[in-house]
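Reading through the structure tokens given below for one structure.
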Amino acid sequence: MTEKRAQFATRLGVIATTVGSAVGLGNIWRFPYEAGVHGGGAFLLIDLFFIFVIGVPVICAEFIIGRHTGSNVRGAFKILAPGKAWGVMGYIGIAASLLILSFYSVVAGWTLEYIFQSLSGFSGVHTVEGLHNQFDSFAQSDWRPVMWTLLFLMCNYMILARGVRKGIERMSNILMPLLFLILLVFAVNSLRMPEAMRGLEFLFKPDFSKITPEVLLGGMGQAFFSLSLGLGCLITYSSYFKKETPLVKTAFTTAGLDTLVSILAGVIIFPAVFTFGQEPAAGPKLVFEVLPSIFSNLPGGMIWSTFFFILLFLASLTSTISMSEISIAYFVEEFKMSRAKATRLNIVIAMVFGSLCALSFGCMSGIKIFGFTLFNLFDFLSSNVLLPIGGMITSIFVGWVLDRAILREELGISSSRMSRLTMAVIVFCLRFVAPVCIGLVFIFGLNIF
Ligand code: PHE
């Protein structure tokens, strides 16, 4: 442990940075596209189950570990269970964070391209067909997506090099409320579209026959990804929390706001998908094809569009900063590297893998591993495999191994009934519900037997 670690300055700072980590492309890009592929309402239902029944207790578990040890993810397990196999969680976290940072930066790079496309009025293209072609020819061209990926990672580097409080906290405090406002405006606009009802039905009416093992696995992965959960990101962030920060409340606020943003994104996208006769199951490009159609039909569309992609870019930054912080804190604290060097190492790794992911839409699209392109493989492996495994390890560790006194102290459990009930529910979820549900979804979703 370092002697004097940074801490987030204010309560708003804690919420804004944690929500800033959670809210990002996972909500606005990944949620609508995964919901589109996996049948809408059924997917949302599974996602909500995993967010509130499993996600919230596991967030609390990560917070307890992080704040109690005040350490990076690997160091935290070394302090709490020295010499034990639990330390493997450190490696899972670092591997997952680097995988996610790589493919995430590609999509964040797309937002940069779209800022410029918006400024040019999408070169005068207004038809749905034309906008599709424009996306395809951009993503398949080789150098542009790579260039934006690298540029995005450079921005990430510049903020990270300035340290924890100054860079991250200030930015999040201003940006997150602004993003929320603009999403509200777009949602109202989408609700007025002719096919709004069909879109809402697709999103909110679960068709139970669509719940397949694949949908379960996808919904679980989405919940973990969107909450930044299972890779020690929240362990790292909560190691900067003060003793007074109420953990359970912060966990609920984070999950609640994060869910709200995903649902808003769905309410924006699906009415438009049906109104413009688009395909809900278009995959990763869905949002980048649908949003421009919305903007081109909106008065002052170019300005809205530019503004929106700038905010989306910034929301991605607050998320990538948090995932980078996992390995930076690890390199600094475990290898005694300087912060500057650790930051450079993290960014260089992401630049190499990120470029490969960007090319997997273009010249490397024929290269498949287990049937996945590199981009899809990184996404699947991290979200649907590593994060749930990380979540399972964390919940078993805190539920079964960690001293109860630590739980009580960190959760601020008093002798009141309400307080004891909260503790009992969290412990029950961590001991039984989370490991069993994650285990079952793995067995069926990955077809283990
Ligand atoms: N939760 C972020 C999002 O929804 C992504 C993320 C995953 C961030 C893992 C940090 C760690 O965009």
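In the structure tokens, chains take the letters A, B, ... in the order shown, each chain's residues start at 1, and ligands count up from 1 in the order shown.
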Collect all residues with atoms no farther than 9 Å from ligand 1, counting only C-alpha atoms and all ligand atoms, and output them as a count of residues only.
-> 46
List every residue of stretch 250-347 of chain A that has an atom at most 10 Å from any atom of stretch 47-64 of chain A, giving for each one its closest atom pair and the distance in Å to one decimal, counting only C-alpha atoms, sorted by chain and then by ascending residue number, as a Markdown table.
```
| residue | atom | partner | partner_atom | distance |
| --- | --- | --- | --- | --- |
| A:Thr250 | CA | A:Cys60 | CA | 8.6 |
| A:Ala251 | CA | A:Val56 | CA | 5.9 |
| A:Phe252 | CA | A:Val56 | CA | 6.4 |
| A:Thr253 | CA | A:Val56 | CA | 9.6 |
| A:Thr254 | CA | A:Val56 | CA | 8.7 |
| A:Ala255 | CA | A:Val56 | CA | 6.7 |
| A:Gly256 | CA | A:Phe52 | CA | 8.6 |
| A:Asp258 | CA | A:Ile51 | CA | 9.5 |
| A:Thr259 | CA | A:Leu48 | CA | 7.9 |
```
Tell me, which residues of stretch 230-329 of chain A carry DSSP helix (DSSP H, G or I), written as a PyMOL selection string?
-> chain A and resi 233-238+247-275+283-296+301-329
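We find atom CA of A:Cys437 and atom CA of A:Leu44 to be spaced 16.8 Å apart.
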Determine, counting only C-alpha atoms, which protein, DNA and RNA residues have an atom within 10 Å of an atom of stretch 175-187 of chain A; residues of the same chain fewer than 3 positions away are not included. Present the result as a VMD selection string.
-> chain A and resid 16 to 17 19 to 20 23 to 24 28 170 to 172 190 to 192 257 260 to 261 263 to 269 271 291 294 to 295 298 304 307 to 308 310 to 312 314 to 315 318
Among the residues A:Arg162, A:Glu409, A:Val401, A:Leu80, the one that comes closest to A:Ala340 [using only C-alpha atoms] =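 Of all the options, A:Arg162 lies closest to A:Ala340.
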